[in-house]
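Visitor: First the structure, then my questions, so here it is.
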Amino acid sequence: MVYNWLRIDQIFRPGFPCLLCGADTRSPSGLCPPCQADLPRTAHPCPRCGEALPAPTDLPCGRCLRRPPPFDTLVAALAWETPVPGFVGALKFRERLPAARLLGHLLAEAVSDRTRPDCLLPVPLHAARLRQRGFNQAVEIARFAARRLDLPLLPAALRRIRPTPPQQGLDAKARRRNLRGAFELAAPLPGSHVAIVDDVVTTGSTVGEIARLLRRTGAERVVVWAAARATKRLG
């Protein structure tokens, strides 16, 4: 597939030409069916952490068996391969907020057959970062997914109470230390089954820290829904 990168940086609206090839489409995702089918996905994800496995299995991967993550399962709509970084980058760094429609639509499609959680909790930004960026990309993605799935969205229930240095370049252990105590629950949960929503999961340190917090505050089942899953292993 040859991608038209100029379209990725344009306004994303359903009913316009396909974002990738320019063909006519009325899909709510903004992509024509062939381009949507061609997007990279993890063929055989671990049922616990979402990491790619060499063959399909109902059993968790060896890493999850030795050290289970604090959440019950992780579902990602896409793998972190071309053109997915272009979609996320357009949203996150070029303020193309309608890109959240595409990612939210694909996320809702990926989890449509899963047990419905009681609410969606987007990964929060620290207040200083939120002021700087002007929006939280996880909230915007979750907003479209929640609308499509008819689920409650609690964008302010989680709070990042201290700024943390960027996670990029840190190994899994350093990432966990960096995030320890960085979040708090600002509102009571409406149920015991919650879904954490993020744009991209790499090592799982951020969603793992949030999952531990939610467990301590009464959540019985915690799942992670991500627009994309990068290839690094969960630490």
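Ordering of the structure tokens sets the chain letters (A, B, ...), residue numbers begin anew at 1 in every chain, and ligands are numbered from 1 in the order given.
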Write out as a PDB file with N, CA and C atoms, in the first residue's frame each polymer residue whose atoms come within 7 Å of Leu91 of chain A, counting only C-alpha atoms; drop sequence neighbours fewer than 5 positions from it.
Guide:
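Below is the file that was written, selection.pdb:
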```pdb
ATOM      1  N   ARG A  96      -4.374  17.978  15.023  1.00  0.00           N
ATOM      2  CA  ARG A  96      -5.441  17.541  14.113  1.00  0.00           C
ATOM      3  C   ARG A  96      -6.434  16.714  14.926  1.00  0.00           C
ATOM      4  N   LEU A  97      -7.252  17.403  15.735  1.00  0.00           N
ATOM      5  CA  LEU A  97      -8.161  16.718  16.646  1.00  0.00           C
ATOM      6  C   LEU A  97      -9.118  15.756  15.949  1.00  0.00           C
ATOM      7  N   ALA A  99      -8.457  13.607  13.961  1.00  0.00           N
ATOM      8  CA  ALA A  99      -7.803  12.295  13.883  1.00  0.00           C
ATOM      9  C   ALA A  99      -8.265  11.390  15.015  1.00  0.00           C
ATOM     10  N   ALA A 100      -8.723  11.977  16.105  1.00  0.00           N
ATOM     11  CA  ALA A 100      -9.249  11.182  17.217  1.00  0.00           C
ATOM     12  C   ALA A 100     -10.476  10.400  16.786  1.00  0.00           C
ATOM     13  N   GLN A 137      -4.945  13.808  24.254  1.00  0.00           N
ATOM     14  CA  GLN A 137      -5.240  12.939  23.117  1.00  0.00           C
ATOM     15  C   GLN A 137      -5.982  11.667  23.541  1.00  0.00           C
TER      16      GLN A 137
END
```
Visitor: Out of segment 2-124 of chain A, which residues get strand (DSSP E) from DSSP, as an mmCIF file with N, CA and C atoms, in the first residue's frame?
Guide:
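Here's the written file states17.cif:
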```
data_model
loop_
_atom_site.group_PDB
_atom_site.id
_atom_site.type_symbol
_atom_site.label_atom_id
_atom_site.label_comp_id
_atom_site.auth_asym_id
_atom_site.auth_seq_id
_atom_site.Cartn_x
_atom_site.Cartn_y
_atom_site.Cartn_z
ATOM 1 N N THR A 73 -6.414 -7.611 30.902
ATOM 2 C CA THR A 73 -6.139 -7.825 29.481
ATOM 3 C C THR A 73 -5.872 -6.480 28.814
ATOM 4 N N LEU A 74 -5.177 -6.522 27.691
ATOM 5 C CA LEU A 74 -4.888 -5.319 26.911
ATOM 6 C C LEU A 74 -5.293 -5.583 25.471
ATOM 7 N N VAL A 75 -6.121 -4.706 24.941
ATOM 8 C CA VAL A 75 -6.559 -4.802 23.547
ATOM 9 C C VAL A 75 -6.102 -3.538 22.821
ATOM 10 N N ALA A 76 -5.405 -3.723 21.721
ATOM 11 C CA ALA A 76 -4.976 -2.588 20.900
ATOM 12 C C ALA A 76 -5.590 -2.710 19.520
ATOM 13 N N ALA A 77 -6.079 -1.597 19.017
ATOM 14 C CA ALA A 77 -6.702 -1.608 17.691
ATOM 15 C C ALA A 77 -5.676 -1.846 16.593
ATOM 16 N N LEU A 78 -4.475 -1.281 16.752
ATOM 17 C CA LEU A 78 -3.483 -1.284 15.686
ATOM 18 C C LEU A 78 -2.097 -1.595 16.238
ATOM 19 N N ALA A 79 -1.221 -2.048 15.364
ATOM 20 C CA ALA A 79 0.192 -2.192 15.688
ATOM 21 C C ALA A 79 0.914 -0.894 15.309
ATOM 22 N N CYS A 119 -17.182 1.843 32.772
ATOM 23 C CA CYS A 119 -16.797 3.199 32.367
ATOM 24 C C CYS A 119 -15.457 3.145 31.663
ATOM 25 N N LEU A 120 -15.141 4.237 30.956
ATOM 26 C CA LEU A 120 -13.845 4.432 30.312
ATOM 27 C C LEU A 120 -13.086 5.518 31.054
ATOM 28 N N LEU A 121 -11.822 5.238 31.365
ATOM 29 C CA LEU A 121 -10.968 6.194 32.076
ATOM 30 C C LEU A 121 -9.760 6.518 31.205
ATOM 31 N N PRO A 122 -9.728 7.674 30.548
ATOM 32 C CA PRO A 122 -8.559 8.035 29.742
ATOM 33 C C PRO A 122 -7.336 8.294 30.621
#
```
Visitor: From the list A:Ile161, A:Val194, A:Ala219, A:Val88, which residue is nearest Pro124 of chain A when using only C-alpha atoms?
Guide: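 For Pro124 of chain A, the nearest of the candidates is A:Ile161.
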Visitor: Residues within 12 Å of Gly89 of chain A, please, as a PyMOL selection string. Count only C-alpha atoms; anything in the same chain fewer than 4 positions from it doesn't count.
Guide: chain A and resi 5+8-9+80+82-85+93-97+99-100+103+137+199-200
Visitor: Using the selection just defined, write its residues with N, CA and C atoms as a PDB file, in the first residue's frame.
Guide:
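And here is the file that came out, again.pdb:
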```
ATOM      1  N   TRP A   5       0.754  10.710   2.327  1.00  0.00           N
ATOM      2  CA  TRP A   5       0.977  11.365   3.619  1.00  0.00           C
ATOM      3  C   TRP A   5       0.397  12.760   3.678  1.00  0.00           C
ATOM      4  N   ILE A   8      -2.942  12.575   5.391  1.00  0.00           N
ATOM      5  CA  ILE A   8      -2.911  12.303   6.823  1.00  0.00           C
ATOM      6  C   ILE A   8      -2.858  13.604   7.610  1.00  0.00           C
ATOM      7  N   ASP A   9      -2.275  14.633   7.021  1.00  0.00           N
ATOM      8  CA  ASP A   9      -2.142  15.911   7.717  1.00  0.00           C
ATOM      9  C   ASP A   9      -3.306  16.849   7.431  1.00  0.00           C
ATOM     10  N   TRP A  80       2.014  -0.606  16.000  1.00  0.00           N
ATOM     11  CA  TRP A  80       2.739   0.651  15.809  1.00  0.00           C
ATOM     12  C   TRP A  80       3.648   0.560  14.580  1.00  0.00           C
ATOM     13  N   THR A  82       3.771   1.832  10.127  1.00  0.00           N
ATOM     14  CA  THR A  82       3.224   2.757   9.138  1.00  0.00           C
ATOM     15  C   THR A  82       1.856   2.275   8.672  1.00  0.00           C
ATOM     16  N   PRO A  83       0.852   3.180   8.643  1.00  0.00           N
ATOM     17  CA  PRO A  83       0.881   4.631   8.825  1.00  0.00           C
ATOM     18  C   PRO A  83       0.422   5.091  10.208  1.00  0.00           C
ATOM     19  N   VAL A  84       0.393   4.184  11.180  1.00  0.00           N
ATOM     20  CA  VAL A  84      -0.186   4.520  12.487  1.00  0.00           C
ATOM     21  C   VAL A  84       0.545   5.665  13.183  1.00  0.00           C
ATOM     22  N   PRO A  85       1.900   5.705  13.197  1.00  0.00           N
ATOM     23  CA  PRO A  85       2.553   6.864  13.820  1.00  0.00           C
ATOM     24  C   PRO A  85       2.143   8.192  13.188  1.00  0.00           C
ATOM     25  N   PHE A  93       0.713  16.034  17.952  1.00  0.00           N
ATOM     26  CA  PHE A  93       1.707  17.095  17.792  1.00  0.00           C
ATOM     27  C   PHE A  93       1.313  18.170  16.787  1.00  0.00           C
ATOM     28  N   ARG A  94       0.300  17.901  15.946  1.00  0.00           N
ATOM     29  CA  ARG A  94      -0.121  18.907  14.974  1.00  0.00           C
ATOM     30  C   ARG A  94      -1.566  19.334  15.189  1.00  0.00           C
ATOM     31  N   GLU A  95      -2.121  18.930  16.329  1.00  0.00           N
ATOM     32  CA  GLU A  95      -3.440  19.380  16.767  1.00  0.00           C
ATOM     33  C   GLU A  95      -4.534  19.061  15.758  1.00  0.00           C
ATOM     34  N   ARG A  96      -4.374  17.978  15.023  1.00  0.00           N
ATOM     35  CA  ARG A  96      -5.441  17.541  14.113  1.00  0.00           C
ATOM     36  C   ARG A  96      -6.434  16.714  14.926  1.00  0.00           C
ATOM     37  N   LEU A  97      -7.252  17.403  15.735  1.00  0.00           N
ATOM     38  CA  LEU A  97      -8.161  16.718  16.646  1.00  0.00           C
ATOM     39  C   LEU A  97      -9.118  15.756  15.949  1.00  0.00           C
ATOM     40  N   ALA A  99      -8.457  13.607  13.961  1.00  0.00           N
ATOM     41  CA  ALA A  99      -7.803  12.295  13.883  1.00  0.00           C
ATOM     42  C   ALA A  99      -8.265  11.390  15.015  1.00  0.00           C
ATOM     43  N   ALA A 100      -8.723  11.977  16.105  1.00  0.00           N
ATOM     44  CA  ALA A 100      -9.249  11.182  17.217  1.00  0.00           C
ATOM     45  C   ALA A 100     -10.476  10.400  16.786  1.00  0.00           C
ATOM     46  N   LEU A 103      -9.089   7.152  15.201  1.00  0.00           N
ATOM     47  CA  LEU A 103      -8.532   6.233  16.191  1.00  0.00           C
ATOM     48  C   LEU A 103      -9.602   5.720  17.145  1.00  0.00           C
ATOM     49  N   GLN A 137      -4.945  13.808  24.254  1.00  0.00           N
ATOM     50  CA  GLN A 137      -5.240  12.939  23.117  1.00  0.00           C
ATOM     51  C   GLN A 137      -5.982  11.667  23.541  1.00  0.00           C
ATOM     52  N   ASP A 199      -3.566   6.311  23.985  1.00  0.00           N
ATOM     53  CA  ASP A 199      -3.302   6.365  22.550  1.00  0.00           C
ATOM     54  C   ASP A 199      -2.331   5.262  22.138  1.00  0.00           C
ATOM     55  N   VAL A 200      -1.176   5.174  22.808  1.00  0.00           N
ATOM     56  CA  VAL A 200      -0.168   4.177  22.472  1.00  0.00           C
ATOM     57  C   VAL A 200       0.360   3.545  23.752  1.00  0.00           C
TER      58      VAL A 200
END
```
Visitor: Contacts of Ile196 of chain A at 10 Å or less, counting only C-alpha atoms, minus same-chain residues fewer than 3 places along, as a list in words?
Guide: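 Once the nearby chain positions are removed, what remains is Phe71, Leu74, Pro117, Cys119, Leu120, Leu121, Pro122, Val123, Ala138, Ala142, Leu158, Val207, Gly208, Ile210, Ala211, Leu214, Val222, Val223, Val224, Trp225 and Ala226 of chain A.
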Visitor: Suppose we keep N, CA, C and O atoms; can you now write the selection as a compact mmCIF listing (two decimals), in the first residue's frame?
Guide:
```
# COMPACT_ATOMS: atom_id res chain seq x y z
N PHE A 71 -3.21 -5.44 35.13
CA PHE A 71 -4.51 -5.37 34.47
C PHE A 71 -4.85 -6.77 33.94
O PHE A 71 -3.97 -7.63 33.78
N LEU A 74 -5.18 -6.52 27.69
CA LEU A 74 -4.89 -5.32 26.91
C LEU A 74 -5.29 -5.58 25.47
O LEU A 74 -4.87 -6.57 24.88
N PRO A 117 -17.21 -2.65 29.91
CA PRO A 117 -16.87 -2.14 31.24
C PRO A 117 -17.92 -1.15 31.73
O PRO A 117 -18.79 -0.71 30.97
N CYS A 119 -17.18 1.84 32.77
CA CYS A 119 -16.80 3.20 32.37
C CYS A 119 -15.46 3.15 31.66
O CYS A 119 -14.71 2.17 31.76
N LEU A 120 -15.14 4.24 30.96
CA LEU A 120 -13.84 4.43 30.31
C LEU A 120 -13.09 5.52 31.05
O LEU A 120 -13.63 6.59 31.32
N LEU A 121 -11.82 5.24 31.37
CA LEU A 121 -10.97 6.19 32.08
C LEU A 121 -9.76 6.52 31.21
O LEU A 121 -8.84 5.71 31.09
N PRO A 122 -9.73 7.67 30.55
CA PRO A 122 -8.56 8.04 29.74
C PRO A 122 -7.34 8.29 30.62
O PRO A 122 -7.46 8.80 31.74
N VAL A 123 -6.17 7.93 30.12
CA VAL A 123 -4.92 8.25 30.82
C VAL A 123 -4.78 9.76 30.89
O VAL A 123 -4.83 10.45 29.86
N ALA A 138 -5.68 11.14 24.73
CA ALA A 138 -6.39 9.94 25.20
C ALA A 138 -7.86 10.24 25.45
O ALA A 138 -8.74 9.41 25.15
N ALA A 142 -10.92 8.47 23.47
CA ALA A 142 -11.92 7.80 24.28
C ALA A 142 -13.31 8.39 24.06
O ALA A 142 -14.31 7.68 24.14
N LEU A 158 -9.51 10.32 36.74
CA LEU A 158 -8.10 10.11 37.05
C LEU A 158 -7.36 11.43 36.96
O LEU A 158 -7.65 12.26 36.09
N VAL A 207 -0.06 2.52 32.03
CA VAL A 207 -1.35 1.87 32.31
C VAL A 207 -1.23 0.90 33.48
O VAL A 207 -2.19 0.67 34.21
N GLY A 208 -0.04 0.32 33.67
CA GLY A 208 0.16 -0.57 34.81
C GLY A 208 0.08 0.16 36.13
O GLY A 208 -0.53 -0.33 37.09
N ILE A 210 -1.57 2.92 36.69
CA ILE A 210 -2.98 3.28 36.89
C ILE A 210 -3.79 2.07 37.33
O ILE A 210 -4.65 2.15 38.20
N ALA A 211 -3.51 0.92 36.73
CA ALA A 211 -4.24 -0.30 37.10
C ALA A 211 -4.01 -0.64 38.57
O ALA A 211 -4.95 -1.05 39.28
N LEU A 214 -6.19 1.61 40.60
CA LEU A 214 -7.59 1.23 40.53
C LEU A 214 -7.88 -0.02 41.35
O LEU A 214 -8.93 -0.13 41.99
N VAL A 222 -9.84 -4.75 35.58
CA VAL A 222 -9.24 -3.60 34.90
C VAL A 222 -8.72 -4.06 33.55
O VAL A 222 -7.88 -4.97 33.48
N VAL A 223 -9.21 -3.44 32.49
CA VAL A 223 -8.73 -3.75 31.15
C VAL A 223 -8.11 -2.49 30.56
O VAL A 223 -8.38 -1.37 31.01
N VAL A 224 -7.26 -2.69 29.57
CA VAL A 224 -6.61 -1.57 28.87
C VAL A 224 -7.03 -1.62 27.42
O VAL A 224 -6.91 -2.65 26.75
N TRP A 225 -7.53 -0.50 26.92
CA TRP A 225 -7.88 -0.34 25.51
C TRP A 225 -6.98 0.74 24.94
O TRP A 225 -6.98 1.88 25.41
N ALA A 226 -6.22 0.38 23.92
CA ALA A 226 -5.26 1.33 23.32
C ALA A 226 -5.51 1.44 21.82
O ALA A 226 -5.86 0.45 21.17
```
Visitor: Nearest to Pro56 of chain A among A:Thr164, A:Ala43, A:Arg131, A:Arg143, with distances taken over only C-alpha atoms: which residue is it?
Guide: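 Checking each candidate against Pro56 of chain A, we get A:Ala43 as the closest.
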Visitor: Using only C-alpha atoms, which of the listed residues (A:Pro155, A:Pro33, A:Pro190, A:Pro45) sits closest to Leu19 of chain A?
Guide: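 So, comparing all the options, the nearest one is A:Pro33.
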Visitor: Could you list, as JSON, numbers by chain, every residue within 12 Å of Leu59 of chain A, counting only C-alpha atoms and ignoring same-chain residues fewer than 3 positions away?
Guide: {"A": [44, 45, 46, 47, 48, 49, 50, 53, 55, 56, 62, 63, 64, 65, 73]}
Visitor: Based on the selection just made, write N, CA and C atoms of those residues as a short mmCIF file (atom, residue, chain, number, x, y, z; two decimals), in the first residue's frame.
Guide:
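File produced: out-v4.cif:
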```
data_model
loop_
_atom_site.label_atom_id
_atom_site.label_comp_id
_atom_site.auth_asym_id
_atom_site.auth_seq_id
_atom_site.Cartn_x
_atom_site.Cartn_y
_atom_site.Cartn_z
N HIS A 44 -1.29 -12.25 16.29
CA HIS A 44 -1.49 -13.21 17.37
C HIS A 44 -1.11 -12.57 18.70
N PRO A 45 -1.96 -11.68 19.24
CA PRO A 45 -1.61 -11.00 20.48
C PRO A 45 -1.73 -11.92 21.70
N CYS A 46 -0.86 -11.70 22.67
CA CYS A 46 -1.01 -12.36 23.96
C CYS A 46 -2.35 -11.93 24.54
N PRO A 47 -3.16 -12.87 25.02
CA PRO A 47 -4.47 -12.49 25.55
C PRO A 47 -4.40 -11.65 26.82
N ARG A 48 -3.22 -11.55 27.42
CA ARG A 48 -3.09 -10.74 28.64
C ARG A 48 -2.47 -9.37 28.35
N CYS A 49 -1.30 -9.35 27.72
CA CYS A 49 -0.59 -8.08 27.55
C CYS A 49 -0.68 -7.49 26.15
N GLY A 50 -1.20 -8.27 25.18
CA GLY A 50 -1.33 -7.76 23.83
C GLY A 50 -0.08 -7.83 22.99
N LEU A 53 2.68 -12.63 19.44
CA LEU A 53 3.17 -13.99 19.64
C LEU A 53 3.33 -14.68 18.29
N ALA A 55 2.29 -17.55 17.26
CA ALA A 55 1.16 -18.37 16.83
C ALA A 55 -0.03 -18.08 17.73
N PRO A 56 -1.24 -18.34 17.24
CA PRO A 56 -2.42 -18.08 18.08
C PRO A 56 -2.45 -19.00 19.30
N GLY A 62 4.85 -16.22 28.09
CA GLY A 62 5.71 -16.61 29.20
C GLY A 62 5.97 -15.48 30.16
N ARG A 63 6.13 -14.26 29.64
CA ARG A 63 6.38 -13.11 30.50
C ARG A 63 5.19 -12.86 31.43
N CYS A 64 4.00 -12.96 30.90
CA CYS A 64 2.80 -12.73 31.72
C CYS A 64 2.59 -13.85 32.73
N LEU A 65 2.99 -15.08 32.37
CA LEU A 65 2.87 -16.18 33.33
C LEU A 65 3.84 -16.00 34.49
N THR A 73 -6.41 -7.61 30.90
CA THR A 73 -6.14 -7.82 29.48
C THR A 73 -5.87 -6.48 28.81
#
```
Visitor: Would you compute the distance between atom CA of Leu102 of chain A and atom CA of Gly30 of chain A? Give it in Å to one decimal.
Guide: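 Computing it gives 6.4 Å between the two atoms.
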Visitor: Determine the nearest neighbour of Thr206 of chain A from the options A:Pro69, A:Pro40, A:Pro28, A:Pro152, counting only C-alpha atoms.
Guide: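 Comparing A:Pro69, A:Pro40, A:Pro28, A:Pro152 against Thr206 of chain A, the winner is A:Pro69.
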Visitor: Which of these residues is nearest to Leu151 of chain A, using only C-alpha atoms: A:His193, A:Arg116, A:Arg26, A:Arg221?
Guide: A:Arg116
Visitor: Nearest residue to Leu149 of chain A out of A:Arg41, A:His105, A:Arg67, A:Lys92, using only C-alpha atoms?
Guide: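 Distance minimum relative to Leu149 of chain A lands on A:His105.
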Visitor: Which neighbours of Arg148 of chain A fall inside 9 Å, counting only C-alpha atoms, when residues of the same chain fewer than 2 positions from it are skipped, and could you give them as number ranges by chain?
Guide: A: 104-105, 108-109, 143-146, 150-151
